[in-house]
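Next comes model-v4.tsv, with TSV, C-alpha atoms.
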```tsv
chain	number	residue	atom	x	y	z
A	168	MET	CA	-30.79	-29.44	87.32
A	169	GLU	CA	-33.50	-31.32	85.48
A	170	GLY	CA	-33.48	-32.61	81.90
A	171	GLN	CA	-30.91	-34.38	79.80
A	172	ILE	CA	-27.43	-33.00	79.66
A	173	TYR	CA	-25.70	-32.96	76.20
A	174	SER	CA	-22.13	-32.53	75.27
A	175	VAL	CA	-21.31	-29.82	72.76
A	176	SER	CA	-20.80	-32.36	70.00
A	177	GLU	CA	-24.06	-34.11	70.91
A	178	LEU	CA	-25.98	-30.85	70.82
A	179	ASN	CA	-24.49	-29.89	67.47
A	180	GLY	CA	-25.35	-33.32	66.14
A	181	LEU	CA	-28.90	-32.98	67.42
A	182	VAL	CA	-29.34	-29.61	65.76
A	183	LYS	CA	-27.87	-31.02	62.55
A	184	SER	CA	-30.30	-33.97	62.57
A	185	VAL	CA	-33.20	-31.64	63.18
A	186	LEU	CA	-32.24	-29.35	60.31
A	187	ASP	CA	-31.51	-32.25	58.00
A	188	GLY	CA	-34.99	-33.59	58.72
A	189	VAL	CA	-36.76	-30.44	57.53
A	190	PRO	CA	-37.72	-30.96	53.85
A	191	GLU	CA	-37.92	-27.22	53.19
A	192	LEU	CA	-34.24	-26.85	54.13
A	193	SER	CA	-32.99	-29.70	51.94
A	194	ALA	CA	-33.61	-27.78	48.71
A	195	VAL	CA	-33.66	-24.05	49.33
A	196	PHE	CA	-32.76	-21.03	47.14
A	197	VAL	CA	-31.32	-17.91	48.74
A	198	ARG	CA	-30.81	-14.49	47.14
A	199	GLY	CA	-28.03	-12.31	48.50
A	200	GLU	CA	-24.76	-10.47	47.94
A	201	VAL	CA	-21.44	-12.31	47.96
A	202	SER	CA	-18.87	-11.19	50.51
A	203	ASN	CA	-15.69	-12.62	52.03
A	204	TYR	CA	-15.28	-14.82	48.99
A	205	LYS	CA	-12.31	-17.23	49.15
A	206	LEU	CA	-11.16	-20.02	46.87
A	207	TYR	CA	-9.00	-22.56	48.70
A	208	PRO	CA	-6.31	-24.75	47.09
A	209	SER	CA	-8.56	-27.72	47.72
A	210	GLY	CA	-10.97	-26.30	45.13
A	211	HIS	CA	-13.69	-25.53	47.68
A	212	HIS	CA	-15.36	-22.10	47.63
A	213	TYR	CA	-16.20	-20.31	50.88
A	214	PHE	CA	-18.19	-17.09	51.08
A	215	THR	CA	-20.98	-15.26	52.88
A	216	LEU	CA	-24.37	-14.30	51.51
A	217	LYS	CA	-25.80	-11.18	53.03
A	218	ASP	CA	-28.62	-8.70	52.65
A	219	ALA	CA	-29.50	-5.52	54.48
A	220	GLU	CA	-30.48	-7.31	57.70
A	221	GLY	CA	-28.61	-10.61	57.87
A	222	ALA	CA	-25.94	-12.98	56.62
A	223	ILE	CA	-25.34	-16.72	56.23
A	224	ARG	CA	-22.14	-18.64	55.70
A	225	CYS	CA	-21.92	-20.70	52.53
A	226	VAL	CA	-19.67	-23.40	51.15
A	227	MET	CA	-19.51	-24.92	47.67
A	228	PHE	CA	-17.39	-28.02	47.38
A	229	ARG	CA	-15.05	-28.67	44.49
A	230	GLY	CA	-17.33	-31.07	42.64
A	231	GLN	CA	-20.19	-28.56	42.45
A	232	ALA	CA	-17.82	-25.61	41.84
A	233	ALA	CA	-16.37	-27.35	38.77
A	234	ARG	CA	-19.73	-26.86	37.05
A	235	LEU	CA	-19.65	-23.08	37.53
A	236	ARG	CA	-19.47	-21.13	34.25
A	237	PHE	CA	-18.48	-17.88	35.97
A	238	ARG	CA	-16.22	-16.74	38.80
A	239	PRO	CA	-18.06	-15.43	41.90
A	240	GLU	CA	-16.81	-12.05	43.11
A	241	ASN	CA	-17.39	-9.93	46.20
A	242	GLY	CA	-20.37	-7.64	45.76
A	243	MET	CA	-22.01	-9.83	43.13
A	244	LYS	CA	-25.76	-10.45	43.47
A	245	VAL	CA	-26.43	-14.18	43.20
A	246	ILE	CA	-29.04	-16.86	43.83
A	247	ALA	CA	-27.62	-19.88	45.65
A	248	GLY	CA	-29.37	-23.22	45.72
A	249	GLY	CA	-28.59	-25.99	48.20
A	250	ARG	CA	-29.34	-27.34	51.64
A	251	VAL	CA	-29.06	-25.83	55.11
A	252	SER	CA	-27.21	-27.84	57.71
A	253	VAL	CA	-24.86	-27.54	60.66
A	254	TYR	CA	-21.13	-28.06	60.66
A	255	PRO	CA	-20.76	-30.05	63.87
A	256	ARG	CA	-17.23	-28.94	64.63
A	257	ASP	CA	-18.11	-25.30	65.32
A	258	GLY	CA	-21.90	-25.54	65.66
A	259	ALA	CA	-22.57	-22.92	62.98
A	260	TYR	CA	-25.24	-23.57	60.44
A	261	GLN	CA	-24.44	-22.81	56.80
A	262	LEU	CA	-25.72	-23.20	53.31
A	263	TYR	CA	-24.14	-26.04	51.36
A	264	CYS	CA	-24.40	-24.68	47.79
A	265	GLU	CA	-24.99	-27.03	44.92
A	266	ALA	CA	-25.83	-24.36	42.33
A	267	LEU	CA	-24.98	-20.70	41.96
A	268	SER	CA	-26.14	-18.21	39.34
A	269	PRO	CA	-25.98	-14.43	38.99
A	270	ASP	CA	-29.15	-12.66	40.09
A	271	GLY	CA	-30.94	-10.99	37.17
A	272	VAL	CA	-28.71	-12.44	34.44
A	273	GLY	CA	-27.81	-15.96	33.39
A	274	ASP	CA	-24.57	-17.57	34.45
A	275	LEU	CA	-23.49	-17.92	30.83
A	276	HIS	CA	-23.91	-14.20	30.26
A	277	MET	CA	-21.95	-13.49	33.42
A	278	ALA	CA	-19.20	-15.90	32.40
A	279	PHE	CA	-19.11	-14.29	28.95
A	280	GLU	CA	-18.69	-10.78	30.37
A	281	GLN	CA	-16.05	-11.88	32.88
A	282	LEU	CA	-13.96	-13.69	30.27
A	283	LYS	CA	-14.33	-10.86	27.78
A	284	GLU	CA	-13.12	-8.30	30.31
A	285	ARG	CA	-10.17	-10.44	31.40
A	286	LEU	CA	-8.97	-11.20	27.89
A	287	TRP	CA	-9.47	-7.58	26.87
A	288	LYS	CA	-7.21	-6.48	29.72
A	289	GLU	CA	-4.59	-8.99	28.56
A	290	GLY	CA	-4.63	-7.41	25.09
A	291	LEU	CA	-6.06	-10.36	23.13
A	292	PHE	CA	-8.55	-8.07	21.42
A	293	ASP	CA	-6.09	-5.27	20.62
A	294	GLU	CA	-6.37	-4.01	17.04
A	295	LYS	CA	-2.59	-3.83	16.64
A	296	HIS	CA	-2.46	-7.64	16.73
A	297	LYS	CA	-5.01	-8.05	13.93
A	298	LYS	CA	-3.54	-9.51	10.74
A	299	PRO	CA	-4.81	-8.41	7.31
A	300	LEU	CA	-6.51	-10.92	5.08
A	301	PRO	CA	-4.66	-11.94	1.88
A	302	ARG	CA	-6.18	-10.30	-1.16
A	303	TYR	CA	-5.99	-13.37	-3.38
A	304	PRO	CA	-5.78	-16.47	-1.15
A	305	ARG	CA	-4.75	-19.71	-2.79
A	306	THR	CA	-6.11	-22.00	-0.07
A	307	ILE	CA	-8.87	-21.48	2.52
A	308	ALA	CA	-9.27	-23.73	5.56
A	309	ILE	CA	-12.73	-24.07	7.12
A	310	ILE	CA	-12.88	-25.29	10.72
A	311	THR	CA	-16.46	-26.24	11.47
A	312	SER	CA	-18.86	-29.16	11.59
A	313	ALA	CA	-18.95	-31.22	8.41
A	314	ALA	CA	-22.64	-31.93	8.96
A	315	GLY	CA	-23.89	-28.36	9.36
A	316	ALA	CA	-25.59	-26.25	6.73
A	317	ALA	CA	-23.04	-23.46	7.32
A	318	VAL	CA	-20.16	-25.35	5.69
A	319	HIS	CA	-22.18	-26.05	2.54
A	320	ASP	CA	-23.13	-22.37	2.28
A	321	MET	CA	-19.52	-21.30	2.65
A	322	ILE	CA	-18.19	-23.78	0.07
A	323	ARG	CA	-20.91	-22.80	-2.39
A	324	ILE	CA	-20.12	-19.09	-2.04
A	325	LEU	CA	-16.35	-19.65	-2.25
A	326	ARG	CA	-16.75	-21.69	-5.45
A	327	ARG	CA	-19.01	-19.09	-6.98
A	328	ARG	CA	-16.97	-16.04	-6.04
A	329	TYR	CA	-13.40	-17.28	-6.50
A	330	PRO	CA	-13.04	-20.78	-7.99
A	331	LEU	CA	-9.24	-20.40	-8.20
A	332	ALA	CA	-8.91	-20.94	-4.44
A	333	LYS	CA	-8.70	-24.41	-2.91
A	334	VAL	CA	-10.96	-25.16	0.06
A	335	LYS	CA	-9.84	-27.51	2.84
A	336	LEU	CA	-12.33	-28.65	5.48
A	337	LEU	CA	-11.03	-29.47	8.95
A	338	PRO	CA	-14.12	-31.07	10.52
A	339	VAL	CA	-14.67	-30.55	14.25
A	340	ARG	CA	-17.52	-30.62	16.69
A	341	VAL	CA	-18.89	-27.15	17.36
A	342	GLN	CA	-21.13	-27.94	20.33
A	343	GLY	CA	-20.61	-29.74	23.61
A	344	ALA	CA	-17.71	-30.28	26.00
A	345	GLU	CA	-15.54	-31.92	23.31
A	346	ALA	CA	-15.89	-29.00	20.88
A	347	PRO	CA	-13.33	-26.51	22.30
A	348	PRO	CA	-10.39	-29.00	22.32
A	349	GLU	CA	-11.19	-30.10	18.78
A	350	ILE	CA	-11.37	-26.49	17.52
A	351	VAL	CA	-8.09	-25.67	19.26
A	352	GLY	CA	-6.45	-28.77	17.77
A	353	ALA	CA	-7.61	-27.89	14.26
A	354	LEU	CA	-6.28	-24.34	14.58
A	355	ARG	CA	-2.90	-25.61	15.75
A	356	TYR	CA	-2.76	-28.21	12.99
A	357	ALA	CA	-3.53	-25.60	10.34
A	358	ASN	CA	-0.70	-23.39	11.60
A	359	VAL	CA	1.89	-26.12	12.08
A	360	HIS	CA	1.37	-27.52	8.57
A	361	ARG	CA	0.52	-24.19	6.91
A	362	VAL	CA	-2.47	-25.72	5.21
A	363	ALA	CA	-4.04	-22.43	4.13
A	364	ASP	CA	-3.61	-18.71	3.61
A	365	VAL	CA	-6.70	-17.86	5.65
A	366	ILE	CA	-8.86	-19.74	8.17
A	367	ILE	CA	-12.63	-19.52	8.65
A	368	THR	CA	-13.95	-20.96	11.89
A	369	GLY	CA	-17.51	-20.89	13.18
A	370	ARG	CA	-20.94	-22.45	12.94
A	371	GLY	CA	-24.55	-21.62	12.27
A	372	GLY	CA	-26.88	-19.86	14.68
A	373	GLY	CA	-28.29	-21.18	17.95
A	374	SER	CA	-28.79	-20.37	21.61
A	375	ILE	CA	-25.99	-19.10	23.79
A	376	GLU	CA	-25.51	-22.64	25.03
A	377	ASP	CA	-25.16	-23.89	21.45
A	378	LEU	CA	-22.53	-21.24	20.68
A	379	TRP	CA	-20.66	-21.64	23.94
A	380	ALA	CA	-17.72	-23.53	22.42
A	381	PHE	CA	-16.68	-20.25	20.76
A	382	ASN	CA	-16.78	-18.49	24.14
A	383	ASP	CA	-14.16	-20.86	25.48
A	384	GLU	CA	-10.91	-19.27	26.62
A	385	ARG	CA	-8.83	-21.99	24.96
A	386	VAL	CA	-10.41	-21.29	21.59
A	387	ALA	CA	-9.86	-17.54	21.99
A	388	ARG	CA	-6.17	-18.01	22.78
A	389	ALA	CA	-5.69	-20.43	19.87
A	390	ILE	CA	-7.22	-17.87	17.50
A	391	TYR	CA	-5.04	-15.11	18.95
A	392	ASN	CA	-1.88	-17.23	18.59
A	393	SER	CA	-2.62	-18.23	14.98
A	394	ASP	CA	-0.06	-17.03	12.46
A	395	ILE	CA	-2.64	-17.49	9.72
A	396	PRO	CA	-5.36	-14.81	9.61
A	397	VAL	CA	-8.60	-16.07	11.16
A	398	ILE	CA	-12.16	-15.06	10.26
A	399	SER	CA	-14.71	-15.77	12.99
A	400	ALA	CA	-18.17	-16.64	11.67
A	401	VAL	CA	-20.42	-17.71	14.53
A	402	GLY	CA	-24.21	-17.68	14.41
A	403	HIS	CA	-26.28	-14.85	13.04
A	404	GLU	CA	-25.44	-11.16	12.89
A	405	PRO	CA	-26.66	-10.30	16.45
A	406	ASP	CA	-24.67	-13.19	17.96
A	407	VAL	CA	-21.32	-12.14	19.43
A	408	THR	CA	-18.78	-14.54	20.89
A	409	ILE	CA	-15.35	-14.28	22.46
A	410	ALA	CA	-13.94	-15.80	19.25
A	411	ASP	CA	-15.27	-12.78	17.35
A	412	PHE	CA	-13.20	-10.43	19.52
A	413	ALA	CA	-10.03	-12.54	19.25
A	414	ALA	CA	-10.24	-13.15	15.50
A	415	ASP	CA	-8.53	-10.93	12.95
A	416	VAL	CA	-11.86	-10.33	11.20
A	417	ARG	CA	-15.38	-10.88	12.47
A	418	ALA	CA	-18.05	-11.93	9.98
A	419	ALA	CA	-21.74	-11.49	10.69
A	420	THR	CA	-22.55	-14.99	9.38
A	421	PRO	CA	-20.68	-17.96	7.84
A	422	SER	CA	-21.84	-16.84	4.40
A	423	HIS	CA	-20.47	-13.37	5.07
A	424	ALA	CA	-17.16	-14.94	6.11
A	425	ALA	CA	-16.89	-16.65	2.72
A	426	GLU	CA	-17.52	-13.32	1.01
A	427	LEU	CA	-14.82	-11.63	3.12
A	428	ALA	CA	-12.25	-14.38	2.50
A	429	VAL	CA	-12.10	-14.12	-1.29
A	430	PRO	CA	-12.68	-11.49	-3.98
A	431	ASP	CA	-15.66	-11.71	-6.33
A	432	ARG	CA	-14.60	-13.01	-9.73
A	433	THR	CA	-17.36	-10.97	-11.38
A	434	GLU	CA	-15.94	-7.79	-9.91
A	435	LEU	CA	-12.41	-8.90	-10.85
A	436	LEU	CA	-13.48	-9.52	-14.45
A	437	GLU	CA	-15.18	-6.13	-14.57
A	438	ALA	CA	-12.07	-4.48	-13.15
A	439	LEU	CA	-9.85	-6.29	-15.66
A	440	GLN	CA	-12.15	-5.30	-18.52
A	441	SER	CA	-12.10	-1.69	-17.33
A	442	ARG	CA	-8.31	-1.70	-17.17
A	443	ARG	CA	-8.14	-3.37	-20.59
A	444	LEU	CA	-10.28	-0.62	-22.10
A	445	ALA	CA	-8.19	2.01	-20.32
A	446	VAL	CA	-4.99	0.51	-21.73
A	447	ILE	CA	-6.51	0.35	-25.22
A	448	ARG	CA	-7.60	4.00	-25.02
A	449	SER	CA	-4.21	5.05	-23.71
A	450	GLN	CA	-2.29	3.18	-26.42
A	451	THR	CA	-4.66	4.39	-29.15
A	452	LYS	CA	-4.10	7.97	-28.06
A	453	ARG	CA	-0.37	7.41	-27.93
A	454	LEU	CA	-0.32	5.88	-31.41
A	455	GLU	CA	-2.35	8.80	-32.78
A	456	LEU	CA	0.15	11.26	-31.35
A	457	LEU	CA	3.01	9.25	-32.86
A	458	ARG	CA	1.25	9.23	-36.25
A	459	ARG	CA	0.90	13.01	-36.11
A	460	ARG	CA	4.51	13.37	-35.18
A	461	LEU	CA	5.54	11.07	-37.99
A	462	ALA	CA	3.48	13.07	-40.50
A	463	GLU	CA	5.11	16.28	-39.32
A	464	LEU	CA	8.59	14.79	-39.62
A	465	ALA	CA	7.82	13.31	-43.04
A	466	GLY	CA	7.22	16.80	-44.44
A	467	LYS	CA	10.47	18.22	-43.15
A	468	ARG	CA	13.22	19.01	-45.72
A	469	VAL	CA	15.83	17.10	-43.70
A	470	LEU	CA	13.95	13.84	-44.33
A	471	THR	CA	12.84	14.51	-47.94
A	472	ASN	CA	16.38	15.60	-48.99
A	473	PRO	CA	18.96	14.35	-46.49
A	474	LEU	CA	21.85	16.11	-48.34
A	475	ALA	CA	20.09	19.45	-48.11
A	476	SER	CA	21.35	19.94	-44.63
A	477	VAL	CA	24.91	19.13	-45.72
A	478	GLU	CA	24.64	21.60	-48.57
A	479	ASP	CA	23.35	24.27	-46.24
A	480	LYS	CA	26.24	23.63	-43.89
A	481	ARG	CA	28.69	23.74	-46.79
A	482	LEU	CA	27.37	27.15	-47.92
A	483	LEU	CA	27.57	28.37	-44.36
A	484	LEU	CA	31.14	27.08	-44.11
A	485	ASP	CA	32.15	28.92	-47.30
A	486	HIS	CA	30.61	32.11	-46.00
A	487	ILE	CA	32.42	31.79	-42.70
A	488	GLN	CA	35.66	31.04	-44.50
A	489	ARG	CA	35.36	34.22	-46.59
A	490	GLU	CA	34.55	36.24	-43.52
A	491	LEU	CA	37.53	34.81	-41.67
A	492	GLY	CA	39.84	35.45	-44.66
A	493	HIS	CA	38.73	39.07	-44.92
A	494	ALA	CA	39.05	39.57	-41.19
A	495	ALA	CA	42.54	38.06	-41.26
A	496	GLN	CA	43.60	40.38	-44.09
A	497	VAL	CA	42.29	43.39	-42.24
A	498	ARG	CA	43.96	42.23	-39.07
A	499	LEU	CA	47.35	41.64	-40.79
A	500	ALA	CA	47.44	44.79	-42.94
A	501	GLY	CA	48.74	47.08	-40.19
A	502	PRO	CA	51.49	44.73	-38.93
A	503	ARG	CA	52.49	44.04	-42.53
A	504	ARG	CA	53.03	47.77	-43.21
A	505	GLU	CA	54.95	48.14	-39.97
A	506	LEU	CA	57.11	45.13	-40.87
A	507	THR	CA	57.87	46.62	-44.30
A	508	ALA	CA	59.01	49.89	-42.71
A	509	LEU	CA	61.20	48.12	-40.18
A	510	ALA	CA	62.70	45.94	-42.91
A	511	ALA	CA	63.56	49.06	-44.93
A	512	SER	CA	65.22	50.61	-41.91
A	513	LEU	CA	67.20	47.49	-41.21
A	514	ASP	CA	68.21	47.24	-44.82
A	515	ALA	CA	69.47	50.81	-44.79
A	516	MET	CA	71.57	50.03	-41.74
A	517	SER	CA	72.88	46.73	-43.11
A	518	PRO	CA	76.71	46.45	-43.30
A	519	LEU	CA	76.29	44.93	-46.70
A	520	LYS	CA	75.08	48.28	-47.96
A	521	VAL	CA	78.24	49.90	-46.62
A	522	LEU	CA	80.37	47.27	-48.29
A	523	GLY	CA	78.72	48.11	-51.54
A	524	ARG	CA	80.17	51.59	-51.33
A	525	GLY	CA	83.79	50.28	-51.31
A	526	PHE	CA	84.29	49.60	-47.66
A	527	ALA	CA	85.42	46.26	-46.19
A	528	MET	CA	84.64	44.48	-42.89
A	529	VAL	CA	87.81	43.09	-41.25
A	530	THR	CA	87.71	40.15	-38.78
A	531	ASP	CA	90.41	38.22	-36.91
A	532	GLN	CA	90.96	34.51	-37.13
A	533	GLU	CA	87.98	33.78	-34.78
A	534	GLY	CA	85.67	35.93	-36.87
A	535	ARG	CA	85.57	38.82	-34.42
A	536	PRO	CA	85.35	42.20	-36.10
A	537	LEU	CA	88.42	44.46	-35.70
A	538	ARG	CA	87.80	48.01	-34.69
A	539	ARG	CA	91.30	49.12	-33.61
A	540	ALA	CA	94.74	48.39	-34.94
A	541	ALA	CA	95.81	47.53	-31.41
A	542	ASP	CA	93.54	44.47	-31.48
A	543	ILE	CA	95.85	42.70	-33.96
A	544	HIS	CA	99.56	41.98	-34.16
A	545	PRO	CA	101.91	41.88	-37.11
A	546	GLY	CA	102.10	38.47	-38.71
A	547	GLU	CA	98.55	37.50	-37.78
A	548	GLN	CA	96.07	36.57	-40.43
A	549	ILE	CA	92.97	38.64	-40.93
A	550	THR	CA	89.97	38.43	-43.24
A	551	ALA	CA	88.61	41.39	-45.20
A	552	ARG	CA	85.03	40.91	-46.42
A	553	LEU	CA	84.14	42.97	-49.48
A	554	ALA	CA	80.85	43.55	-51.18
A	555	GLU	CA	81.71	40.59	-53.35
A	556	GLY	CA	84.07	37.98	-51.91
A	557	ARG	CA	86.68	37.94	-49.12
A	558	LEU	CA	90.42	38.65	-48.83
A	559	LEU	CA	92.80	36.67	-46.60
A	560	CYS	CA	95.55	39.10	-45.50
A	561	ARG	CA	98.62	38.95	-43.26
A	562	VAL	CA	99.42	41.99	-41.18
A	563	GLU	CA	102.78	43.52	-41.92
A	564	ALA	CA	102.59	46.36	-39.47
A	565	CYS	CA	100.13	47.97	-37.04
A	566	ILE	CA	99.85	51.72	-37.18
A	567	GLN	CA	98.07	52.96	-34.08
A	568	LYS	CA	97.46	56.53	-35.23
A	569	GLU	CA	96.69	57.86	-38.65
A	570	GLU	CA	99.56	60.15	-39.80
A	571	THR	CA	98.50	63.45	-41.20
A	572	ALA	CA	100.15	64.82	-44.31
```

What is this structure when it is put down as structure tokens?
Amino acid sequence: MEGQIYSVSELNGLVKSVLDGVPELSAVFVRGEVSNYKLYPSGHHYFTLKDAEGAIRCVMFRGQAARLRFRPENGMKVIAGGRVSVYPRDGAYQLYCEALSPDGVGDLHMAFEQLKERLWKEGLFDEKHKKPLPRYPRTIAIITSAAGAAVHDMIRILRRRYPLAKVKLLPVRVQGAEAPPEIVGALRYANVHRVADVIITGRGGGSIEDLWAFNDERVARAIYNSDIPVISAVGHEPDVTIADFAADVRAATPSHAAELAVPDRTELLEALQSRRLAVIRSQTKRLELLRRRLAELAGKRVLTNPLASVEDKRLLLDHIQRELGHAAQVRLAGPRRELTALAASLDAMSPLKVLGRGFAMVTDQEGRPLRRAADIHPGEQITARLAEGRLLCRVEACIQKEETA
């Protein structure tokens, strides 16, 4: 056998050195579909890129993966940038990815859609969690950059529309890596100390990179967890961020947010004037009706001559009295005649009438009338009542039967 003999490790090392020496393979971009995607606890990403006719193994180490704005998924079309080399342990060549972006759409757009879908599934955008804005807020907190034009526009509009409300500015950065933690901290501070009745958070327009702080998951969750109603006012009207979905109210622009937060004093004054006129008309009409009623009552006899009613009642009482007297006489006439007849009959049957004809009524000592001679004994005292006066008699003898001559 001629030629140099290599060990497996030596051959893999030789192939690796050859590939590493090819400039075209040190910075290559590959388009393909992600498959067999795995994220290890170490933070390294392993996957395969494939097309209709081939496949290549890929690895993205933790340092490069930390810069990813989206989460790779199986079936996703991507463009991977990196270098091609050999892993000496198993002799397989692979693509060491240093950059990864969705094919046909930017990584920020992909990250936006992925986060929006995930938070939507969790219910952070559900309408039932939206809190209504106070109608007449006393204090408004603005969480934005103190140096931007947006804050000056909002303060100007708030002062013009509703000067009764106080405005508190919680200045934060709205762009860059430090922006999301500062926005989250301001939201938590506002809630812990109850600094306002409503919160406006946002910034002026810009690119998607400029607005990215309001697409941060931490900011979205802080808005969702706020007990104080939050108005999201990011960019211009076409701009949409995750904060817009999580907020209680989404404003097209910062200026629009200021208009939504407070009522317009001009409209309030017009409404008050309208109600004032309505009250005046209502009370005027009521007073006119009362005047008419008073005029009607003033012409009534009961008010012009208060005793007239008493006199009328007195005449009515006399009439009723006469009617009752007549009715009573009619009602008593029959019984009176009957009573007279009965009295005459009783008088005719009265013992006193009999006594008047020379008869006497005899009673014993207890006053019981005597009807038979046998009811008394000789020697007993009896009383004989005459038509005029009484006789006290003592019985000499009792004759039971009347002797005939």

Box time for stretch 447-454 of chain A: axis-aligned, enclosing all its listed atoms, 4 Å extra on each side; report centre and edge lengths in Å to one decimal, as JSON.
```
{"center_x": -4.0, "center_y": 4.2, "center_z": -27.6, "size_x": 15.3, "size_y": 15.6, "size_z": 15.7}
```

I need the residue nearest A:Phe381 from this list: A:Ala313, A:Phe279, A:Pro396, A:Glu294. Use all atoms listed in the file for the distance.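 The shortest atom-to-atom distance to A:Phe381 comes from A:Phe279.
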
May I have the residues within 8 Å of stretch 384-391 of chain A as a short mmCIF file (atom, residue, chain, number, x, y, z; two decimals) with C-alpha atoms, in the frame of the given file, using all atoms listed in the file and disregarding those fewer than 2 positions away in the same chain?
```cif
data_model
loop_
_atom_site.label_atom_id
_atom_site.label_comp_id
_atom_site.auth_asym_id
_atom_site.auth_seq_id
_atom_site.Cartn_x
_atom_site.Cartn_y
_atom_site.Cartn_z
CA LEU A 282 -13.96 -13.69 30.27
CA LEU A 291 -6.06 -10.36 23.13
CA PRO A 347 -13.33 -26.51 22.30
CA PRO A 348 -10.39 -29.00 22.32
CA ILE A 350 -11.37 -26.49 17.52
CA VAL A 351 -8.09 -25.67 19.26
CA LEU A 354 -6.28 -24.34 14.58
CA ARG A 355 -2.90 -25.61 15.75
CA ALA A 380 -17.72 -23.53 22.42
CA PHE A 381 -16.68 -20.25 20.76
CA ASN A 382 -16.78 -18.49 24.14
CA SER A 393 -2.62 -18.23 14.98
CA VAL A 397 -8.60 -16.07 11.16
CA ILE A 409 -15.35 -14.28 22.46
CA ALA A 410 -13.94 -15.80 19.25
CA ALA A 413 -10.03 -12.54 19.25
CA ALA A 414 -10.24 -13.15 15.50
#
```

I'd like the contact shell of stretch 316-320 of chain A - 12 Å cut-off, only C-alpha atoms, skipping same-chain residues fewer than 4 positions apart - returned as a VMD selection string. chain A and resid 308 to 312 324 to 327 334 to 339 341 367 to 372 400 to 403 420 to 426

Based on the selection just made, write C-alpha atoms of those residues as a PDB file, in the coordinates of the input.
```pdb
ATOM      1  CA  ALA A 308      -9.270 -23.730   5.560  1.00  0.00           C
ATOM      2  CA  ILE A 309     -12.730 -24.070   7.120  1.00  0.00           C
ATOM      3  CA  ILE A 310     -12.880 -25.290  10.720  1.00  0.00           C
ATOM      4  CA  THR A 311     -16.460 -26.240  11.470  1.00  0.00           C
ATOM      5  CA  SER A 312     -18.860 -29.160  11.590  1.00  0.00           C
ATOM      6  CA  ILE A 324     -20.120 -19.090  -2.040  1.00  0.00           C
ATOM      7  CA  LEU A 325     -16.350 -19.650  -2.250  1.00  0.00           C
ATOM      8  CA  ARG A 326     -16.750 -21.690  -5.450  1.00  0.00           C
ATOM      9  CA  ARG A 327     -19.010 -19.090  -6.980  1.00  0.00           C
ATOM     10  CA  VAL A 334     -10.960 -25.160   0.060  1.00  0.00           C
ATOM     11  CA  LYS A 335      -9.840 -27.510   2.840  1.00  0.00           C
ATOM     12  CA  LEU A 336     -12.330 -28.650   5.480  1.00  0.00           C
ATOM     13  CA  LEU A 337     -11.030 -29.470   8.950  1.00  0.00           C
ATOM     14  CA  PRO A 338     -14.120 -31.070  10.520  1.00  0.00           C
ATOM     15  CA  VAL A 339     -14.670 -30.550  14.250  1.00  0.00           C
ATOM     16  CA  VAL A 341     -18.890 -27.150  17.360  1.00  0.00           C
ATOM     17  CA  ILE A 367     -12.630 -19.520   8.650  1.00  0.00           C
ATOM     18  CA  THR A 368     -13.950 -20.960  11.890  1.00  0.00           C
ATOM     19  CA  GLY A 369     -17.510 -20.890  13.180  1.00  0.00           C
ATOM     20  CA  ARG A 370     -20.940 -22.450  12.940  1.00  0.00           C
ATOM     21  CA  GLY A 371     -24.550 -21.620  12.270  1.00  0.00           C
ATOM     22  CA  GLY A 372     -26.880 -19.860  14.680  1.00  0.00           C
ATOM     23  CA  ALA A 400     -18.170 -16.640  11.670  1.00  0.00           C
ATOM     24  CA  VAL A 401     -20.420 -17.710  14.530  1.00  0.00           C
ATOM     25  CA  GLY A 402     -24.210 -17.680  14.410  1.00  0.00           C
ATOM     26  CA  HIS A 403     -26.280 -14.850  13.040  1.00  0.00           C
ATOM     27  CA  THR A 420     -22.550 -14.990   9.380  1.00  0.00           C
ATOM     28  CA  PRO A 421     -20.680 -17.960   7.840  1.00  0.00           C
ATOM     29  CA  SER A 422     -21.840 -16.840   4.400  1.00  0.00           C
ATOM     30  CA  HIS A 423     -20.470 -13.370   5.070  1.00  0.00           C
ATOM     31  CA  ALA A 424     -17.160 -14.940   6.110  1.00  0.00           C
ATOM     32  CA  ALA A 425     -16.890 -16.650   2.720  1.00  0.00           C
ATOM     33  CA  GLU A 426     -17.520 -13.320   1.010  1.00  0.00           C
TER      34      GLU A 426
END
```

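Separating atom CA of A:Arg443 from atom CA of A:Pro430 is a distance of 19.0 Å.
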
If I take atom CA of A:Arg323 and atom CA of A:Glu404, how far is one from the other in Å, to one decimal?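 Separating atom CA of A:Arg323 from atom CA of A:Glu404 is a distance of 19.7 Å.
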
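Coordinates place atom CA of A:Thr451 at a distance of 20.7 Å from atom CA of A:Ala465.
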
Using all atoms listed in the file, pick whichever of A:Pro545, A:Pro301, A:Gly556, A:Gly230 has the shortest atom-to-atom distance to A:Ile398. A:Pro301

Under the rule that only C-alpha atoms are counted, which of A:Ile395, A:Ala554, A:Leu262, A:Ala346 is the nearest residue to A:Asn358? A:Ile395
